[in-house]
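Peer 1: See structure.pdb below, with PDB, C-alpha atoms.
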ATOM      1  CA  MET A   1      -7.927   8.878  -5.167
ATOM      2  CA  GLU A   2      -8.628   5.687  -7.070
ATOM      3  CA  THR A   3     -12.358   5.053  -7.313
ATOM      4  CA  ALA A   4     -12.646   1.554  -8.798
ATOM      5  CA  ASP A   5     -13.944   0.025  -5.547
ATOM      6  CA  VAL A   6     -15.591   3.146  -4.169
ATOM      7  CA  ASP A   7     -19.335   2.732  -3.998
ATOM      8  CA  LYS A   8     -20.182   6.358  -3.432
ATOM      9  CA  VAL A   9     -18.414   9.712  -3.442
ATOM     10  CA  PHE A  10     -20.680  12.605  -2.496
ATOM     11  CA  VAL A  11     -19.260  16.099  -3.017
ATOM     12  CA  GLN A  12     -20.953  19.202  -1.637
ATOM     13  CA  ALA A  13     -19.948  22.848  -1.886
ATOM     14  CA  PRO A  14     -20.144  24.690   1.440
ATOM     15  CA  CYS A  15     -22.955  27.107   2.196
ATOM     16  CA  GLU A  16     -22.216  30.791   1.586
ATOM     17  CA  ALA A  17     -21.233  31.452   5.216
ATOM     18  CA  LEU A  18     -18.565  28.706   5.139
ATOM     19  CA  ARG A  19     -17.067  29.438   1.696
ATOM     20  CA  PRO A  20     -14.245  31.611   3.062
ATOM     21  CA  PHE A  21     -13.215  28.652   5.251
ATOM     22  CA  VAL A  22     -14.141  25.393   3.457
ATOM     23  CA  LYS A  23     -13.425  24.473  -0.176
ATOM     24  CA  ARG A  24     -15.658  21.409  -0.257
ATOM     25  CA  PHE A  25     -17.170  18.582   1.737
ATOM     26  CA  LEU A  26     -16.947  14.951   0.692
ATOM     27  CA  VAL A  27     -18.518  11.745   1.940
ATOM     28  CA  VAL A  28     -16.658   8.661   0.725
ATOM     29  CA  GLU A  29     -18.018   5.159   1.294
ATOM     30  CA  PHE A  30     -16.013   1.973   0.653
ATOM     31  CA  PRO A  31     -18.115  -1.230   0.378
ATOM     32  CA  TYR A  32     -14.938  -3.324  -0.076
ATOM     33  CA  ALA A  33     -11.464  -3.097   1.394
ATOM     34  CA  HIS A  34      -9.606  -0.451  -0.573
ATOM     35  CA  LYS A  35      -6.161   1.143  -0.600
ATOM     36  CA  ASP A  36      -5.860   4.675  -1.932
ATOM     37  CA  SER A  37      -2.858   6.893  -2.521
ATOM     38  CA  HIS A  38      -2.642  10.613  -1.868
ATOM     39  CA  LEU A  39      -0.193  12.916  -3.594
ATOM     40  CA  PRO A  40       1.505  15.744  -1.682
ATOM     41  CA  ASP A  41      -1.110  18.383  -0.939
ATOM     42  CA  THR A  42      -1.437  21.906   0.405
ATOM     43  CA  VAL A  43      -4.939  21.490   1.825
ATOM     44  CA  LEU A  44      -5.720  20.844   5.480
ATOM     45  CA  VAL A  45      -8.562  18.368   5.898
ATOM     46  CA  ALA A  46     -10.842  17.494   8.800
ATOM     47  CA  ALA A  47     -11.846  13.823   8.619
ATOM     48  CA  PHE A  48     -14.666  12.097  10.518
ATOM     49  CA  ARG A  49     -14.592   8.312  10.052
ATOM     50  CA  TYR A  50     -18.061   7.218  11.057
ATOM     51  CA  LYS A  51     -17.999   3.619   9.867
ATOM     52  CA  GLY A  52     -15.356   0.903   9.525
ATOM     53  CA  ASP A  53     -11.609   1.019   9.911
ATOM     54  CA  CYS A  54      -8.786   2.858   8.198
ATOM     55  CA  THR A  55      -5.061   2.316   8.601
ATOM     56  CA  LEU A  56      -2.541   4.973   7.683
ATOM     57  CA  ASP A  57       0.421   3.938   5.567
ATOM     58  CA  TRP A  58       2.783   3.614   8.516
ATOM     59  CA  GLY A  59       0.516   0.968  10.078
ATOM     60  CA  ILE A  60      -1.290   3.178  12.597
ATOM     61  CA  LYS A  61      -5.076   3.028  12.883
ATOM     62  CA  ALA A  62      -6.569   6.344  11.754
ATOM     63  CA  PRO A  63      -8.375   8.272  14.498
ATOM     64  CA  GLN A  64     -12.190   8.525  14.361
ATOM     65  CA  ALA A  65     -11.823  12.280  13.892
ATOM     66  CA  ALA A  66      -8.595  13.899  12.734
ATOM     67  CA  ILE A  67      -6.960  16.886  11.108
ATOM     68  CA  THR A  68      -4.588  16.055   8.285
ATOM     69  CA  GLY A  69      -2.105  18.775   7.462
ATOM     70  CA  LEU A  70      -0.029  19.819   4.513
ATOM     71  CA  TRP A  71       2.091  16.995   3.108
ATOM     72  CA  ASP A  72       5.224  17.065   1.016
ATOM     73  CA  THR A  73       5.298  13.279   0.482
ATOM     74  CA  MET A  74       2.969  10.700  -1.000
ATOM     75  CA  ARG A  75       0.970   8.630   1.478
ATOM     76  CA  SER A  76      -1.675   5.914   1.457
ATOM     77  CA  HIS A  77      -4.672   4.722   3.446
ATOM     78  CA  ASP A  78      -6.056   1.194   3.773
ATOM     79  CA  HIS A  79      -9.829   1.380   4.173
ATOM     80  CA  GLY A  80     -11.600  -1.663   5.591
ATOM     81  CA  SER A  81     -14.696  -3.056   3.938
ATOM     82  CA  ASP A  82     -17.903  -1.189   4.707
ATOM     83  CA  SER A  83     -16.088   1.955   5.844
ATOM     84  CA  ALA A  84     -16.983   5.594   5.346
ATOM     85  CA  VAL A  85     -15.605   9.046   6.077
ATOM     86  CA  VAL A  86     -16.786  12.666   5.921
ATOM     87  CA  LEU A  87     -14.086  15.116   4.823
ATOM     88  CA  ALA A  88     -13.981  18.894   5.026
ATOM     89  CA  ALA A  89     -11.223  20.417   2.884
ATOM     90  CA  PHE A  90     -10.281  23.842   4.232
ATOM     91  CA  THR A  91      -9.335  26.910   2.218
ATOM     92  CA  ALA A  92      -5.824  28.329   2.643
ATOM     93  CA  THR A  93      -6.950  30.518   5.558
ATOM     94  CA  GLY A  94      -9.957  28.518   6.733
ATOM     95  CA  ALA A  95      -8.137  26.059   8.973
ATOM     96  CA  ALA A  96      -6.418  28.880  10.859
ATOM     97  CA  ALA A  97      -9.831  30.391  11.650
ATOM     98  CA  PHE A  98     -11.068  27.148  13.267
ATOM     99  CA  LEU A  99      -7.931  25.763  14.880
ATOM    100  CA  ARG A 100      -6.252  27.295  17.899
ATOM    101  CA  HIS A 101      -2.973  25.560  17.081
ATOM    102  CA  SER A 102      -0.197  26.678  14.787
ATOM    103  CA  LEU A 103      -0.719  25.095  11.372
ATOM    104  CA  ASP A 104       2.947  24.038  11.472
ATOM    105  CA  GLU A 105       1.923  21.371  13.998
ATOM    106  CA  PHE A 106      -0.006  19.585  11.246
ATOM    107  CA  PHE A 107       2.784  19.497   8.648
ATOM    108  CA  ASN A 108       3.187  15.888   7.400
ATOM    109  CA  ALA A 109       0.865  14.739  10.184
ATOM    110  CA  THR A 110      -2.567  13.354  10.932
ATOM    111  CA  VAL A 111      -3.586  14.507  14.409
ATOM    112  CA  ALA A 112      -6.496  13.099  16.419
ATOM    113  CA  MET A 113      -9.122  15.758  17.129
ATOM    114  CA  ASP A 114      -9.839  14.536  20.639
ATOM    115  CA  GLY A 115      -6.272  15.456  21.595
ATOM    116  CA  LEU A 116      -6.702  18.889  20.032
ATOM    117  CA  LEU A 117     -10.132  19.691  21.382
ATOM    118  CA  GLY A 118     -10.219  17.645  24.575
ATOM    119  CA  ARG A 119     -13.895  16.966  23.945
ATOM    120  CA  THR A 120     -14.070  13.237  23.282
ATOM    121  CA  ARG A 121     -17.742  12.986  24.289
ATOM    122  CA  ASP A 122     -18.754  15.645  21.732
ATOM    123  CA  LEU A 123     -16.713  13.957  18.987
ATOM    124  CA  ASN A 124     -18.276  10.578  19.833
ATOM    125  CA  ARG A 125     -21.726  12.143  19.532
ATOM    126  CA  VAL A 126     -20.812  13.644  16.125
ATOM    127  CA  ASN A 127     -19.624  10.240  14.879
ATOM    128  CA  GLU A 128     -22.816   8.567  16.152
ATOM    129  CA  GLN A 129     -24.965  11.160  14.381
ATOM    130  CA  LEU A 130     -22.995  10.730  11.145
ATOM    131  CA  ALA A 131     -23.440   6.946  11.318
ATOM    132  CA  GLU A 132     -27.179   7.170  12.071
ATOM    133  CA  THR A 133     -27.938   9.641   9.282
ATOM    134  CA  GLY A 134     -28.886   7.826   6.093
ATOM    135  CA  ASP A 135     -28.514  10.798   3.745
ATOM    136  CA  ASN A 136     -25.115  12.183   2.785
ATOM    137  CA  GLY A 137     -26.486  15.695   2.344
ATOM    138  CA  HIS A 138     -27.614  15.604   5.982
ATOM    139  CA  ARG A 139     -24.228  14.277   7.091
ATOM    140  CA  ILE A 140     -22.697  17.521   5.903
ATOM    141  CA  PHE A 141     -25.342  20.017   7.010
TER     142      PHE A 141
END
Show me, as structure tokens, the structure contained in the file I just sent.
Peer 2:
Amino acid sequence: METADVDKVFVQAPCEALRPFVKRFLVVEFPYAHKDSHLPDTVLVAAFRYKGDCTLDWGIKAPQAAITGLWDTMRSHDHGSDSAVVLAAFTATGAAAFLRHSLDEFFNATVAMDGLLGRTRDLNRVNEQLAETGDNGHRIF
């Protein structure tokens, strides 16, 4: 990810209990509109956009909460000014432990969590709590 216009990138290792499942947590805040590029990757990521807008490279608005799967192509995101996202990068086996869906469903895809979980109210509450919390360490734990 390019970081020239990124105000803050907060990286946190998971607690001991989550280490078999999560590689790392990140909070990324964009004070200005920013386009970033992502190389093909073998990591599934849970993303919680708690502030601002993000558009995926095919012109679709990114969901508030989503799972992004394994990709074999380059892709990009357009982040609006004053936007922010919490990311959880799963280990190779971690996503399978949390998701009840075949991981093949996420290949070259970004899938909205509310469609996966069917719990829109809970996801809205998570996003509200992330937005209200002023400390990135608390956003993760």
Peer 1: Please measure the separation of atom CA of Asp78 of chain A and atom CA of Asp53 of chain A, giving the value in Å to one decimal.
Peer 2: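 Rounded to one decimal, the two atoms are 8.3 Å apart.
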Peer 1: Spell out the residues picked by the PyMOL selection byres ((chain A and resi 98-115) around 6) here, as a list in words.
Peer 2: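 That selection, the PyMOL selection byres ((chain A and resi 98-115) around 6), comes back as Pro63, Ala65, Ala66, Ile67, Thr68, Gly69, Leu70, Trp71, Ala95, Ala96, Ala97, Leu116, Leu117, Gly118, Arg119 and Thr120 of chain A.
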Peer 1: Find the residue from A:Trp58, A:Phe90, A:Tyr32, A:Phe48 that sits nearest to Pro20 of chain A; use all atoms listed in the file when measuring.
Peer 2: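 When distances to Pro20 of chain A are compared using all atoms listed in the file, the smallest one comes from A:Phe90.
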Peer 1: Can you pull out every residue within 6 Å of Pro40 of chain A, counting all atoms listed in the file, but drop anything in the same chain fewer than 4 positions away, and send it as a PyMOL selection string?
Peer 2: chain A and resi 71-74
Peer 1: Can you give me, as a PyMOL selection string, the residues this file yields under the PyMOL selection byres ((chain A and resi 35) around 8)?
Peer 2: chain A and resi 33-34+36-37+76-79
Peer 1: Write the selection just made, keeping C-alpha atoms, as a short mmCIF file (atom, residue, chain, number, x, y, z; two decimals), in the frame of the given file?
Peer 2:
data_model
loop_
_atom_site.label_atom_id
_atom_site.label_comp_id
_atom_site.auth_asym_id
_atom_site.auth_seq_id
_atom_site.Cartn_x
_atom_site.Cartn_y
_atom_site.Cartn_z
CA ALA A 33 -11.46 -3.10 1.39
CA HIS A 34 -9.61 -0.45 -0.57
CA ASP A 36 -5.86 4.68 -1.93
CA SER A 37 -2.86 6.89 -2.52
CA SER A 76 -1.68 5.91 1.46
CA HIS A 77 -4.67 4.72 3.45
CA ASP A 78 -6.06 1.19 3.77
CA HIS A 79 -9.83 1.38 4.17
#
Peer 1: In Å, how far is it from atom CA of Ala62 of chain A to atom CA of Asn127 of chain A?
Peer 2: 14.0 Å
Peer 1: Run the PyMOL selection byres ((chain A and resi 21) around 10) mentally over the shown coordinates, then write out the matched residues as number ranges by chain, using the chain letters and numbers from the document.
Peer 2: A: 14, 16-20, 22-24, 88-98
Peer 1: Looking at A:Arg75, A:Arg121, A:Lys8, A:His38, which one is nearest to Gly59 of chain A, with distances taken over only C-alpha atoms?
Peer 2: A:Arg75
Peer 1: In the coordinates of the file, take the point (-25.0, 13.9, 2.5) and a cut-off of 12 Å; then, counting only C-alpha atoms, name each qualifying protein, DNA or RNA residue as a short mmCIF file (atom, residue, chain, number, x, y, z; two decimals) with C-alpha atoms, keeping the file's coordinate frame.
Peer 2:
data_model
loop_
_atom_site.label_atom_id
_atom_site.label_comp_id
_atom_site.auth_asym_id
_atom_site.auth_seq_id
_atom_site.Cartn_x
_atom_site.Cartn_y
_atom_site.Cartn_z
CA LYS A 8 -20.18 6.36 -3.43
CA VAL A 9 -18.41 9.71 -3.44
CA PHE A 10 -20.68 12.60 -2.50
CA VAL A 11 -19.26 16.10 -3.02
CA GLN A 12 -20.95 19.20 -1.64
CA ALA A 13 -19.95 22.85 -1.89
CA PRO A 14 -20.14 24.69 1.44
CA PHE A 25 -17.17 18.58 1.74
CA LEU A 26 -16.95 14.95 0.69
CA VAL A 27 -18.52 11.74 1.94
CA VAL A 28 -16.66 8.66 0.72
CA GLU A 29 -18.02 5.16 1.29
CA ALA A 84 -16.98 5.59 5.35
CA VAL A 85 -15.60 9.05 6.08
CA VAL A 86 -16.79 12.67 5.92
CA LEU A 87 -14.09 15.12 4.82
CA LEU A 130 -23.00 10.73 11.14
CA ALA A 131 -23.44 6.95 11.32
CA GLU A 132 -27.18 7.17 12.07
CA THR A 133 -27.94 9.64 9.28
CA GLY A 134 -28.89 7.83 6.09
CA ASP A 135 -28.51 10.80 3.74
CA ASN A 136 -25.12 12.18 2.78
CA GLY A 137 -26.49 15.70 2.34
CA HIS A 138 -27.61 15.60 5.98
CA ARG A 139 -24.23 14.28 7.09
CA ILE A 140 -22.70 17.52 5.90
CA PHE A 141 -25.34 20.02 7.01
#
Peer 1: For a test of reading the model, state the distance in Å between atom CA of Gly80 of chain A and atom CA of Lys51 of chain A, rounded to one decimal.
Peer 2: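 Between atom CA of Gly80 of chain A and atom CA of Lys51 of chain A the gap works out to 9.3 Å.
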Peer 1: Considering all atoms listed in the file, can you say which of A:Thr42, A:Gln129, A:Asn124, A:Ser83 comes closest to Cys54 of chain A?
Peer 2: A:Ser83
Peer 1: Ranking A:Cys15, A:Glu128, A:Gln64, A:Asp122 by minimum distance to Gly52 of chain A and counting all atoms listed in the file, which one comes first?
Peer 2: A:Gln64
Peer 1: Mind giving me the axis-aligned box for segment 125-138 of chain A with 6 Å on every side, centre plus edges in Å to one decimal, as lines of an AutoDock Vina configuration file?
Peer 2:
center_x = -24.3
center_y = 11.3
center_z = 10.9
size_x = 21.3
size_y = 20.7
size_z = 29.2
Peer 1: N, CA and C atoms are what I want for segment 89-123 of chain A; can you complete it accordingly and write them as a CSV table (one decimal), in the frame of the given file?
Peer 2:
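The resulting file, out.csv, is reproduced below:
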chain,number,residue,atom,x,y,z
A,89,ALA,N,-12.5,19.9,3.4
A,89,ALA,CA,-11.2,20.4,2.9
A,89,ALA,C,-11.3,21.9,3.1
A,90,PHE,N,-10.3,22.4,3.9
A,90,PHE,CA,-10.3,23.8,4.2
A,90,PHE,C,-9.7,24.7,3.1
A,91,THR,N,-10.0,26.0,3.1
A,91,THR,CA,-9.3,26.9,2.2
A,91,THR,C,-8.0,27.2,2.8
A,92,ALA,N,-7.2,28.0,2.1
A,92,ALA,CA,-5.8,28.3,2.6
A,92,ALA,C,-5.9,29.0,4.0
A,93,THR,N,-6.9,29.8,4.3
A,93,THR,CA,-7.0,30.5,5.6
A,93,THR,C,-8.0,29.9,6.5
A,94,GLY,N,-8.8,29.0,6.0
A,94,GLY,CA,-10.0,28.5,6.7
A,94,GLY,C,-9.6,27.7,8.0
A,95,ALA,N,-8.5,26.9,7.8
A,95,ALA,CA,-8.1,26.1,9.0
A,95,ALA,C,-7.7,26.9,10.1
A,96,ALA,N,-6.9,28.0,9.8
A,96,ALA,CA,-6.4,28.9,10.9
A,96,ALA,C,-7.6,29.5,11.6
A,97,ALA,N,-8.7,29.8,11.0
A,97,ALA,CA,-9.8,30.4,11.6
A,97,ALA,C,-10.5,29.4,12.6
A,98,PHE,N,-10.4,28.1,12.4
A,98,PHE,CA,-11.1,27.1,13.3
A,98,PHE,C,-10.1,26.5,14.3
A,99,LEU,N,-8.9,26.4,14.0
A,99,LEU,CA,-7.9,25.8,14.9
A,99,LEU,C,-7.2,26.8,15.7
A,100,ARG,N,-7.0,26.4,17.0
A,100,ARG,CA,-6.3,27.3,17.9
A,100,ARG,C,-4.8,26.9,17.9
A,101,HIS,N,-4.4,26.0,17.1
A,101,HIS,CA,-3.0,25.6,17.1
A,101,HIS,C,-2.3,26.1,15.9
A,102,SER,N,-1.0,26.3,15.9
A,102,SER,CA,-0.2,26.7,14.8
A,102,SER,C,-0.3,25.6,13.7
A,103,LEU,N,-0.6,26.0,12.5
A,103,LEU,CA,-0.7,25.1,11.4
A,103,LEU,C,0.6,24.3,11.1
A,104,ASP,N,1.7,24.8,11.6
A,104,ASP,CA,2.9,24.0,11.5
A,104,ASP,C,2.9,22.7,12.2
A,105,GLU,N,2.1,22.6,13.2
A,105,GLU,CA,1.9,21.4,14.0
A,105,GLU,C,1.3,20.2,13.2
A,106,PHE,N,0.7,20.6,12.1
A,106,PHE,CA,0.0,19.6,11.2
A,106,PHE,C,0.8,19.2,10.0
A,107,PHE,N,2.0,19.8,9.8
A,107,PHE,CA,2.8,19.5,8.6
A,107,PHE,C,3.2,18.0,8.6
A,108,ASN,N,2.9,17.3,7.5
A,108,ASN,CA,3.2,15.9,7.4
A,108,ASN,C,2.6,15.1,8.6
A,109,ALA,N,1.4,15.4,9.0
A,109,ALA,CA,0.9,14.7,10.2
A,109,ALA,C,-0.6,14.6,10.1
A,110,THR,N,-1.1,13.6,10.7
A,110,THR,CA,-2.6,13.4,10.9
A,110,THR,C,-2.7,13.3,12.4
A,111,VAL,N,-3.5,14.3,13.0
A,111,VAL,CA,-3.6,14.5,14.4
A,111,VAL,C,-5.0,14.2,14.9
A,112,ALA,N,-5.2,13.4,15.9
A,112,ALA,CA,-6.5,13.1,16.4
A,112,ALA,C,-7.1,14.4,17.0
A,113,MET,N,-8.4,14.6,16.6
A,113,MET,CA,-9.1,15.8,17.1
A,113,MET,C,-9.4,15.7,18.6
A,114,ASP,N,-9.6,14.5,19.2
A,114,ASP,CA,-9.8,14.5,20.6
A,114,ASP,C,-8.7,15.1,21.4
A,115,GLY,N,-7.4,14.9,20.9
A,115,GLY,CA,-6.3,15.5,21.6
A,115,GLY,C,-6.2,17.0,21.4
A,116,LEU,N,-6.7,17.4,20.3
A,116,LEU,CA,-6.7,18.9,20.0
A,116,LEU,C,-7.8,19.6,20.8
A,117,LEU,N,-9.0,19.0,20.8
A,117,LEU,CA,-10.1,19.7,21.4
A,117,LEU,C,-10.4,19.3,22.8
A,118,GLY,N,-10.0,18.1,23.2
A,118,GLY,CA,-10.2,17.6,24.6
A,118,GLY,C,-11.7,17.4,24.8
A,119,ARG,N,-12.4,17.1,23.8
A,119,ARG,CA,-13.9,17.0,23.9
A,119,ARG,C,-14.3,15.6,23.3
A,120,THR,N,-13.8,14.6,23.8
A,120,THR,CA,-14.1,13.2,23.3
A,120,THR,C,-15.6,12.9,23.2
A,121,ARG,N,-16.3,13.3,24.3
A,121,ARG,CA,-17.7,13.0,24.3
A,121,ARG,C,-18.5,13.7,23.1
A,122,ASP,N,-18.1,14.9,22.8
A,122,ASP,CA,-18.8,15.6,21.7
A,122,ASP,C,-18.4,15.0,20.4
A,123,LEU,N,-17.1,14.6,20.2
A,123,LEU,CA,-16.7,14.0,19.0
A,123,LEU,C,-17.4,12.6,18.8
